[in-house]
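Novice: You'll find structure_27.pdb just under this line, and it carries PDB, C-alpha atoms.
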```
ATOM      1  CA  MET A1056      72.970  43.467 114.328
ATOM      2  CA  LYS A1057      76.668  43.206 113.748
ATOM      3  CA  ASN A1058      76.393  45.341 110.571
ATOM      4  CA  LYS A1059      74.430  48.010 112.437
ATOM      5  CA  GLY A1060      77.167  48.183 115.098
ATOM      6  CA  ILE A1061      79.871  48.549 112.466
ATOM      7  CA  ALA A1062      77.825  51.243 110.691
ATOM      8  CA  VAL A1063      77.378  53.147 113.966
ATOM      9  CA  ILE A1064      81.119  52.913 114.691
ATOM     10  CA  ILE A1065      81.963  54.100 111.163
ATOM     11  CA  CYS A1066      79.500  57.010 111.547
ATOM     12  CA  ILE A1067      81.016  57.942 114.910
ATOM     13  CA  ILE A1068      84.529  57.757 113.481
ATOM     14  CA  GLY A1069      83.419  59.862 110.497
ATOM     15  CA  ILE A1070      81.832  62.465 112.761
ATOM     16  CA  LEU A1071      84.977  62.554 114.923
ATOM     17  CA  LEU A1072      87.156  62.990 111.821
ATOM     18  CA  ILE A1073      84.922  65.823 110.578
ATOM     19  CA  ILE A1074      84.998  67.524 114.005
ATOM     20  CA  GLY A1075      88.765  67.019 114.212
ATOM     21  CA  GLY A1076      89.239  68.447 110.718
ATOM     22  CA  LEU A1077      87.074  71.450 111.464
ATOM     23  CA  SER A1078      88.888  72.013 114.750
ATOM     24  CA  PHE A1079      92.254  71.825 113.011
ATOM     25  CA  GLY A1080      91.014  74.167 110.266
ATOM     26  CA  CYS A1081      89.760  76.679 112.849
ATOM     27  CA  TYR A1082      93.015  76.424 114.804
ATOM     28  CA  SER A1083      95.061  76.961 111.629
ATOM     29  CA  TYR A1084      92.904  79.917 110.600
ATOM     30  CA  ILE A1085      93.112  81.567 114.032
ATOM     31  CA  ASN A1086      96.853  80.914 114.192
ATOM     32  CA  LYS A1087      97.329  82.445 110.741
ATOM     33  CA  GLN A1088      95.225  85.491 111.720
ATOM     34  CA  ASN A1089      97.261  85.947 114.911
ATOM     35  CA  GLN A1090     100.486  85.700 112.926
ATOM     36  CA  GLU A1091      99.258  88.269 110.372
ATOM     37  CA  SER A1092      98.127  90.587 113.198
ATOM     38  CA  LYS A1093     101.544  90.318 114.818
ATOM     39  CA  GLU A1094     103.226  91.176 111.511
ATOM     40  CA  ILE A1095     100.963  94.228 111.087
ATOM     41  CA  GLU A1096     101.672  95.340 114.665
ATOM     42  CA  ASN A1097     105.423  95.048 114.081
ATOM     43  CA  LYS A1098     105.157  96.999 110.825
ATOM     44  CA  VAL A1099     103.076  99.698 112.565
ATOM     45  CA  LEU A1100     105.888 100.152 115.095
ATOM     46  CA  LEU A1101     108.486 100.298 112.330
ATOM     47  CA  GLU A1102     106.528 102.653 110.061
ATOM     48  CA  TYR A1103     105.679 104.908 112.987
ATOM     49  CA  ASN A1104     109.382 105.596 113.581
ATOM     50  CA  THR A1105     109.848 106.884 110.023
ATOM     51  CA  PHE A1106     106.631 108.886 110.244
ATOM     52  CA  LYS A1107     107.689 110.383 113.589
ATOM     53  CA  GLU A1108     111.059 111.496 112.171
ATOM     54  CA  ASN A1109     109.293 113.249 109.290
ATOM     55  CA  VAL A1110     106.849 114.975 111.656
ATOM     56  CA  GLU A1111     109.745 116.128 113.841
ATOM     57  CA  SER A1112     111.482 117.598 110.773
ATOM     58  CA  PHE A1113     108.267 119.396 109.841
ATOM     59  CA  ASN A1114     107.823 120.749 113.383
ATOM     60  CA  GLU A1115     111.419 121.967 113.479
ATOM     61  CA  MET A1116     111.060 123.709 110.116
ATOM     62  CA  ARG A1117     107.762 125.260 111.189
ATOM     63  CA  SER A1118     108.967 126.516 114.561
ATOM     64  CA  LYS A1119     112.369 127.743 113.448
ATOM     65  CA  THR A1120     112.358 128.620 109.778
ATOM     66  CA  TYR A1121     108.727 129.225 108.826
ATOM     67  CA  TYR A1122     107.887 131.297 111.894
ATOM     68  CA  ASN A1123     111.150 133.216 112.016
ATOM     69  CA  GLU A1124     111.495 133.945 108.320
ATOM     70  CA  VAL A1125     107.934 133.987 106.970
ATOM     71  CA  ALA A1126     105.159 134.263 109.566
ATOM     72  CA  SER A1127     106.916 136.863 111.706
ATOM     73  CA  ASN A1128     107.413 139.091 108.680
ATOM     74  CA  LEU A1129     104.195 138.338 106.794
ATOM     75  CA  TYR A1130     102.839 141.805 106.123
ATOM     76  CA  VAL A1131     101.508 143.429 102.991
ATOM     77  CA  GLU A1132     104.386 145.901 103.148
ATOM     78  CA  SER A1133     106.943 143.037 103.075
ATOM     79  CA  VAL A1134     105.627 141.192 100.044
ATOM     80  CA  GLU A1135     107.743 142.952  97.388
ATOM     81  CA  LEU A1136     110.993 142.420  99.292
ATOM     82  CA  GLU A1137     110.443 138.980 100.772
ATOM     83  CA  TYR A1138     108.255 137.094  98.299
ATOM     84  CA  GLU A1139     110.996 135.057  96.569
ATOM     85  CA  SER A1140     112.591 134.107  99.864
ATOM     86  CA  TRP A1141     109.199 133.108 101.250
ATOM     87  CA  MET A1142     108.527 130.927  98.219
ATOM     88  CA  GLU A1143     111.789 129.038  98.698
ATOM     89  CA  ILE A1144     110.923 128.422 102.331
ATOM     90  CA  LEU A1145     107.356 127.394 101.488
ATOM     91  CA  ASN A1146     108.652 124.939  98.882
ATOM     92  CA  ARG A1147     110.920 123.280 101.467
ATOM     93  CA  TYR A1148     108.070 123.372 103.981
ATOM     94  CA  THR A1149     105.790 121.634 101.477
ATOM     95  CA  GLU A1150     108.431 118.988 100.775
ATOM     96  CA  LEU A1151     108.436 118.112 104.479
ATOM     97  CA  VAL A1152     104.642 117.844 104.543
ATOM     98  CA  ASP A1153     104.822 115.611 101.477
ATOM     99  CA  LYS A1154     107.269 113.350 103.335
ATOM    100  CA  VAL A1155     104.865 113.177 106.279
ATOM    101  CA  GLU A1156     102.069 112.289 103.861
ATOM    102  CA  ASP A1157     104.150 109.640 102.088
ATOM    103  CA  SER A1158     105.210 107.994 105.333
ATOM    104  CA  SER A1159     101.645 107.863 106.623
ATOM    105  CA  ALA A1160     100.051 105.555 104.026
ATOM    106  CA  PHE A1161     100.483 102.266 105.925
ATOM    107  CA  LEU A1162      99.604 103.872 109.248
ATOM    108  CA  LYS A1163      96.414 105.403 107.853
ATOM    109  CA  GLU A1164      95.321 102.006 106.643
ATOM    110  CA  ASN A1165      96.242 100.131 109.812
ATOM    111  CA  CYS A1166      95.838 102.633 112.651
ATOM    112  CA  VAL A1167      92.814 104.801 111.971
ATOM    113  CA  ASN A1168      89.840 103.455 113.918
ATOM    114  CA  LYS A1169      91.554 100.082 114.490
ATOM    115  CA  TYR A1170      91.915  98.321 117.827
ATOM    116  CA  TYR A1171      95.079  96.636 119.046
ATOM    117  CA  SER A1172      95.449  94.817 122.327
ATOM    118  CA  ASP A1173      99.172  95.608 122.474
ATOM    119  CA  GLY A1174      99.452  98.855 124.451
ATOM    120  CA  ASN A1175     102.569 100.011 122.613
ATOM    121  CA  VAL A1176     100.932  99.631 119.205
ATOM    122  CA  LYS A1177      97.746 101.302 120.452
ATOM    123  CA  ASN A1178      99.773 104.267 121.757
ATOM    124  CA  LYS A1179     101.680 104.602 118.464
ATOM    125  CA  CYS A1180      98.405 104.569 116.514
ATOM    126  CA  ASP A1181      96.851 107.179 118.811
ATOM    127  CA  SER A1182      99.994 109.313 118.488
ATOM    128  CA  PHE A1183      99.938 108.882 114.719
ATOM    129  CA  VAL A1184      96.394 110.246 114.419
ATOM    130  CA  ILE A1185      97.222 113.291 116.561
ATOM    131  CA  ALA A1186     100.520 114.019 114.808
ATOM    132  CA  TYR A1187      99.100 113.532 111.318
ATOM    133  CA  GLU A1188      96.098 115.778 111.856
ATOM    134  CA  THR A1189      98.221 118.408 113.592
ATOM    135  CA  THR A1190     100.810 118.478 110.810
ATOM    136  CA  ILE A1191      98.354 118.689 107.924
ATOM    137  CA  ASN A1192      96.105 121.187 109.693
ATOM    138  CA  TYR A1193      98.972 123.455 110.809
ATOM    139  CA  TYR A1194     100.367 123.439 107.292
ATOM    140  CA  THR A1195      96.971 124.179 105.764
ATOM    141  CA  LYS A1196      96.394 127.024 108.209
ATOM    142  CA  ASP A1197      99.832 128.488 107.425
ATOM    143  CA  ILE A1198      99.263 128.379 103.657
ATOM    144  CA  ILE A1199      95.821 129.964 104.017
ATOM    145  CA  SER A1200      97.306 132.774 106.150
ATOM    146  CA  PHE A1201     100.094 133.298 103.622
ATOM    147  CA  ASN A1202      97.631 133.443 100.727
ATOM    148  CA  GLU A1203      95.405 135.909 102.589
ATOM    149  CA  ILE A1204      98.319 138.354 102.838
ATOM    150  CA  ILE A1205      99.186 137.877  99.167
ATOM    151  CA  THR A1206      95.528 138.422  98.204
ATOM    152  CA  THR A1207      95.396 141.609 100.276
ATOM    153  CA  TYR A1208      98.644 142.812  98.700
ATOM    154  CA  LEU A1209      97.393 142.151  95.165
ATOM    155  CA  LYS A1210      94.153 144.036  95.894
ATOM    156  CA  GLU A1211      96.078 146.979  97.329
ATOM    157  CA  VAL A1212      98.444 147.331  94.389
ATOM    158  CA  ASN A1213      95.417 146.825  92.138
ATOM    159  CA  GLU A1214      97.385 145.216  89.363
ATOM    160  CA  GLU A1215      98.421 141.761  88.360
ATOM    161  CA  LYS A1216     101.943 140.851  89.264
ATOM    162  CA  GLU A1217     103.374 138.012  87.224
ATOM    163  CA  ASN A1218     106.029 137.274  89.800
ATOM    164  CA  ILE A1219     103.683 137.317  92.830
ATOM    165  CA  LYS A1220     101.043 134.624  93.036
ATOM    166  CA  LEU A1221      99.143 132.683  95.659
ATOM    167  CA  TYR A1222     100.887 129.584  96.956
ATOM    168  CA  GLU A1223      99.249 126.400  95.739
ATOM    169  CA  GLN A1224      97.380 124.808  98.608
ATOM    170  CA  GLY A1225      98.000 121.079  98.169
ATOM    171  CA  TYR A1226      96.308 120.018 101.401
ATOM    172  CA  ASN A1227      93.060 120.769 103.175
ATOM    173  CA  TYR A1228      92.037 120.522 106.792
ATOM    174  CA  THR A1229      91.682 116.892 107.821
ATOM    175  CA  ASP A1230      89.978 114.757 110.430
ATOM    176  CA  ILE A1231      91.283 111.302 109.502
ATOM    177  CA  ASN A1232      89.538 109.443 112.313
ATOM    178  CA  LEU A1233      86.237 111.287 111.763
ATOM    179  CA  ASP A1234      85.848 112.190 115.435
ATOM    180  CA  GLY A1235      84.728 115.716 114.597
ATOM    181  CA  LYS A1236      87.972 117.265 115.859
ATOM    182  CA  PHE A1237      90.420 118.861 113.453
ATOM    183  CA  ILE A1238      93.502 118.857 115.674
ATOM    184  CA  GLY A1239      95.715 121.853 114.858
ATOM    185  CA  LYS A1240      93.098 123.756 112.882
ATOM    186  CA  ASP A1241      92.372 126.316 115.602
TER     187      ASP A1241
END
```
Translate the structure of the given file into structure tokens.
Specialist:
Amino acid sequence: MKNKGIAVIICIIGILLIIGGLSFGCYSYINKQNQESKEIENKVLLEYNTFKENVESFNEMRSKTYYNEVASNLYVESVELEYESWMEILNRYTELVDKVEDSSAFLKENCVNKYYSDGNVKNKCDSFVIAYETTINYYTKDIISFNEIITTYLKEVNEEKENIKLYEQGYNYTDINLDGKFIGKD
């Protein structure tokens, strides 16, 4: 009888040690996950600031330079006179879009269709999606409009011009969160 009692006690102690070990393992895992989530949230906030600055630079260039010096004067009759100037502006414009694209990599991975309980992080992610789609779609629309005028010009002059070509369209319309809305396309 005494041996059975000792065996039962050893089994109970063993079970308690296993339960304690599992509990500690679960606690450590959850704690590690929470710590990693907090680090991602902090990096989202940090990366968003850089992204936002790049989007603001793009918006300023679009509203002041692109509209005033290209879009407002984008007519078939202006192509011969303005083409080189337009190309310089479009190259700078593209550089700003490239900066937006470069600064969005981490946010795309960690914001698009992700849920965060922290309201500030959630708002930054929502703002990221809107700003990213708007930037890429505005840019794409502007390049398509530019190329339509150049195409019309080339058809009208009915000859190939070595110095006048379509602008390379490096981006296409995007819907990064796949919600069916292409913000900025229309």
Novice: Evaluate the PyMOL selection byres ((chain A and resi 1217-1220) around 10) on the structure here and hand back the selected residues as a list of chain:residue names.
Specialist: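 On the file shown, the PyMOL selection byres ((chain A and resi 1217-1220) around 10) covers A:Val1134, A:Glu1135, A:Tyr1138, A:Glu1139, A:Met1142, A:Asn1202, A:Ile1205, A:Thr1206, A:Tyr1208, A:Leu1209, A:Glu1214, A:Glu1215, A:Lys1216, A:Leu1221, A:Tyr1222, A:Glu1223.
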Novice: CA of Leu1162 (chain A) and CA of Lys1236 (chain A), how far apart in Å?
Specialist: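 Taking CA of Lys1236 (chain A) and CA of Leu1162 (chain A), their separation equals 18.9 Å.
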Novice: Evaluate the PyMOL selection byres ((chain A and resi 1181) around 12) against this structure - the residues, as a PDB file with C-alpha atoms, in the frame of the given file, please.
Specialist:
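Wrote part.pdb, looks like this:
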```pdb
ATOM      1  CA  VAL A1099     103.076  99.698 112.565  1.00  0.00           C
ATOM      2  CA  TYR A1103     105.679 104.908 112.987  1.00  0.00           C
ATOM      3  CA  LEU A1162      99.604 103.872 109.248  1.00  0.00           C
ATOM      4  CA  LYS A1163      96.414 105.403 107.853  1.00  0.00           C
ATOM      5  CA  ASN A1165      96.242 100.131 109.812  1.00  0.00           C
ATOM      6  CA  CYS A1166      95.838 102.633 112.651  1.00  0.00           C
ATOM      7  CA  VAL A1167      92.814 104.801 111.971  1.00  0.00           C
ATOM      8  CA  ASN A1168      89.840 103.455 113.918  1.00  0.00           C
ATOM      9  CA  LYS A1169      91.554 100.082 114.490  1.00  0.00           C
ATOM     10  CA  TYR A1170      91.915  98.321 117.827  1.00  0.00           C
ATOM     11  CA  TYR A1171      95.079  96.636 119.046  1.00  0.00           C
ATOM     12  CA  GLY A1174      99.452  98.855 124.451  1.00  0.00           C
ATOM     13  CA  ASN A1175     102.569 100.011 122.613  1.00  0.00           C
ATOM     14  CA  VAL A1176     100.932  99.631 119.205  1.00  0.00           C
ATOM     15  CA  LYS A1177      97.746 101.302 120.452  1.00  0.00           C
ATOM     16  CA  ASN A1178      99.773 104.267 121.757  1.00  0.00           C
ATOM     17  CA  LYS A1179     101.680 104.602 118.464  1.00  0.00           C
ATOM     18  CA  CYS A1180      98.405 104.569 116.514  1.00  0.00           C
ATOM     19  CA  SER A1182      99.994 109.313 118.488  1.00  0.00           C
ATOM     20  CA  PHE A1183      99.938 108.882 114.719  1.00  0.00           C
ATOM     21  CA  VAL A1184      96.394 110.246 114.419  1.00  0.00           C
ATOM     22  CA  ILE A1185      97.222 113.291 116.561  1.00  0.00           C
ATOM     23  CA  ALA A1186     100.520 114.019 114.808  1.00  0.00           C
ATOM     24  CA  TYR A1187      99.100 113.532 111.318  1.00  0.00           C
ATOM     25  CA  GLU A1188      96.098 115.778 111.856  1.00  0.00           C
ATOM     26  CA  ILE A1231      91.283 111.302 109.502  1.00  0.00           C
ATOM     27  CA  ASN A1232      89.538 109.443 112.313  1.00  0.00           C
TER      28      ASN A1232
END
```
Novice: Find the residues around Val1125 (chain A) up to 10 Å (all atoms listed in the file counted), leave out those fewer than 2 positions away in its own chain, and share them as a VMD selection string.
Specialist: chain A and resid 1117 1120 to 1123 1127 to 1130 1133 1137 to 1138 1140 to 1142 1144 to 1145 1197 1201
Novice: Any idea what the distance is between CA of Phe1106 (chain A) and CA of Gly1235 (chain A)?
Specialist: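 Going from CA of Phe1106 (chain A) over to CA of Gly1235 (chain A), I get 23.4 Å.
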Novice: Report, as JSON, the axis-aligned box around all atoms of region 1108-1113 of chain A present in the file, extended by 5 Å on each side; give centre and edge lengths in Å to one decimal place.
Specialist:
```
{"center_x": 109.2, "center_y": 115.4, "center_z": 111.6, "size_x": 14.6, "size_y": 17.9, "size_z": 14.6}
```
Novice: Would you please work out which residue, of A:Asp1230, A:Glu1211, A:Asp1241, A:Asp1173, is nearest to Tyr1193 (chain A) when using all atoms listed in the file?
Specialist: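 Closest to Tyr1193 (chain A) of all the choices is A:Asp1241.
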Novice: Restricting the calculation to all atoms listed in the file: of A:Thr1189, A:Ser1172, A:Glu1111, A:Ala1126, which residue gets closest to Lys1154 (chain A)?
Specialist: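 Of A:Thr1189, A:Ser1172, A:Glu1111, A:Ala1126, the one nearest Lys1154 (chain A) is A:Glu1111, counting all atoms listed in the file.
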Novice: Between CA of Gly1239 (chain A) and CA of Asn1192 (chain A), measure the distance and give it in Å to one decimal.
Specialist: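 Computing it gives 5.2 Å between the two atoms.
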Novice: Please evaluate the PyMOL selection byres ((chain A and resi 1195) around 10) against the structure above and give the resulting residues as a list in words.
Specialist: Thr1189, Thr1190, Ile1191, Asn1192, Tyr1193, Tyr1194, Lys1196, Asp1197, Ile1198, Ile1199, Ser1200, Phe1201, Gln1224, Gly1225, Tyr1226, Asn1227, Tyr1228, Thr1229, Gly1239 and Lys1240 of chain A
Novice: Out of A:Phe1113, A:Ile1238, A:Leu1233, A:Glu1094, which residue has the shortest atom-to-atom distance to Glu1150 (chain A) when counting all atoms listed in the file?
Specialist: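 The shortest atom-to-atom distance to Glu1150 (chain A) comes from A:Phe1113.
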Novice: Find the residue from A:Lys1210, A:Glu1164, A:Asp1234, A:Val1155 that sits nearest to Asn1104 (chain A); use only C-alpha atoms when measuring.
Specialist: A:Val1155
Novice: Find, counting all atoms listed in the file, the residue in A:Val1110, A:Ile1204, A:Val1212, A:Ile1068 that gets nearest to Asp1153 (chain A).
Specialist: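 Of all the options, A:Val1110 lies closest to Asp1153 (chain A).
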Novice: Pick from A:Asn1109, A:Leu1136, A:Asn1213, A:Val1131: nearest to Val1152 (chain A), with all atoms listed in the file counted?
Specialist: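 Of all the options, A:Asn1109 lies closest to Val1152 (chain A).
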Novice: Complete the atom set of region 1187-1208 of chain A to N, CA, C and O atoms and return it as a short mmCIF file (atom, residue, chain, number, x, y, z; two decimals), in the frame of the given file.
Specialist:
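The new file selection00.cif reads:
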```cif
data_model
loop_
_atom_site.label_atom_id
_atom_site.label_comp_id
_atom_site.auth_asym_id
_atom_site.auth_seq_id
_atom_site.Cartn_x
_atom_site.Cartn_y
_atom_site.Cartn_z
N TYR A 1187 99.48 113.35 112.72
CA TYR A 1187 99.10 113.53 111.32
C TYR A 1187 98.14 114.70 111.17
O TYR A 1187 98.36 115.59 110.34
N GLU A 1188 97.07 114.69 111.95
CA GLU A 1188 96.10 115.78 111.86
C GLU A 1188 96.75 117.12 112.17
O GLU A 1188 96.51 118.11 111.47
N THR A 1189 97.57 117.16 113.20
CA THR A 1189 98.22 118.41 113.59
C THR A 1189 99.11 118.93 112.46
O THR A 1189 99.06 120.11 112.12
N THR A 1190 99.90 118.07 111.88
CA THR A 1190 100.81 118.48 110.81
C THR A 1190 100.05 119.03 109.61
O THR A 1190 100.32 120.14 109.14
N ILE A 1191 99.10 118.26 109.12
CA ILE A 1191 98.35 118.69 107.92
C ILE A 1191 97.55 119.96 108.22
O ILE A 1191 97.52 120.89 107.39
N ASN A 1192 96.94 120.03 109.38
CA ASN A 1192 96.10 121.19 109.69
C ASN A 1192 96.93 122.44 109.97
O ASN A 1192 96.54 123.53 109.58
N TYR A 1193 98.08 122.30 110.63
CA TYR A 1193 98.97 123.46 110.81
C TYR A 1193 99.45 123.97 109.45
O TYR A 1193 99.44 125.17 109.19
N TYR A 1194 99.87 123.05 108.62
CA TYR A 1194 100.37 123.44 107.29
C TYR A 1194 99.27 124.16 106.50
O TYR A 1194 99.51 125.22 105.91
N THR A 1195 98.09 123.58 106.49
CA THR A 1195 96.97 124.18 105.76
C THR A 1195 96.67 125.57 106.28
O THR A 1195 96.49 126.52 105.50
N LYS A 1196 96.65 125.71 107.61
CA LYS A 1196 96.39 127.02 108.21
C LYS A 1196 97.47 128.03 107.81
O LYS A 1196 97.17 129.18 107.50
N ASP A 1197 98.73 127.60 107.79
CA ASP A 1197 99.83 128.49 107.42
C ASP A 1197 99.72 128.94 105.96
O ASP A 1197 99.94 130.11 105.66
N ILE A 1198 99.38 128.02 105.07
CA ILE A 1198 99.26 128.38 103.66
C ILE A 1198 98.08 129.32 103.45
O ILE A 1198 98.17 130.29 102.69
N ILE A 1199 96.98 129.07 104.13
CA ILE A 1199 95.82 129.96 104.02
C ILE A 1199 96.18 131.37 104.51
O ILE A 1199 95.87 132.36 103.85
N SER A 1200 96.89 131.46 105.63
CA SER A 1200 97.31 132.77 106.15
C SER A 1200 98.23 133.48 105.16
O SER A 1200 98.10 134.68 104.93
N PHE A 1201 99.17 132.74 104.61
CA PHE A 1201 100.09 133.30 103.62
C PHE A 1201 99.31 133.84 102.43
O PHE A 1201 99.51 134.98 102.00
N ASN A 1202 98.40 133.03 101.91
CA ASN A 1202 97.63 133.44 100.73
C ASN A 1202 96.71 134.63 101.01
O ASN A 1202 96.45 135.44 100.12
N GLU A 1203 96.23 134.74 102.23
CA GLU A 1203 95.40 135.91 102.59
C GLU A 1203 96.21 137.20 102.48
O GLU A 1203 95.73 138.21 101.97
N ILE A 1204 97.46 137.16 102.94
CA ILE A 1204 98.32 138.35 102.84
C ILE A 1204 98.61 138.67 101.37
O ILE A 1204 98.57 139.84 100.96
N ILE A 1205 98.90 137.66 100.59
CA ILE A 1205 99.19 137.88 99.17
C ILE A 1205 97.95 138.44 98.47
O ILE A 1205 98.05 139.37 97.66
N THR A 1206 96.78 137.92 98.79
CA THR A 1206 95.53 138.42 98.20
C THR A 1206 95.32 139.88 98.57
O THR A 1206 94.97 140.72 97.71
N THR A 1207 95.54 140.22 99.82
CA THR A 1207 95.40 141.61 100.28
C THR A 1207 96.39 142.50 99.53
O THR A 1207 96.04 143.59 99.07
N TYR A 1208 97.62 142.04 99.42
CA TYR A 1208 98.64 142.81 98.70
C TYR A 1208 98.21 143.07 97.25
O TYR A 1208 98.28 144.20 96.76
#
```
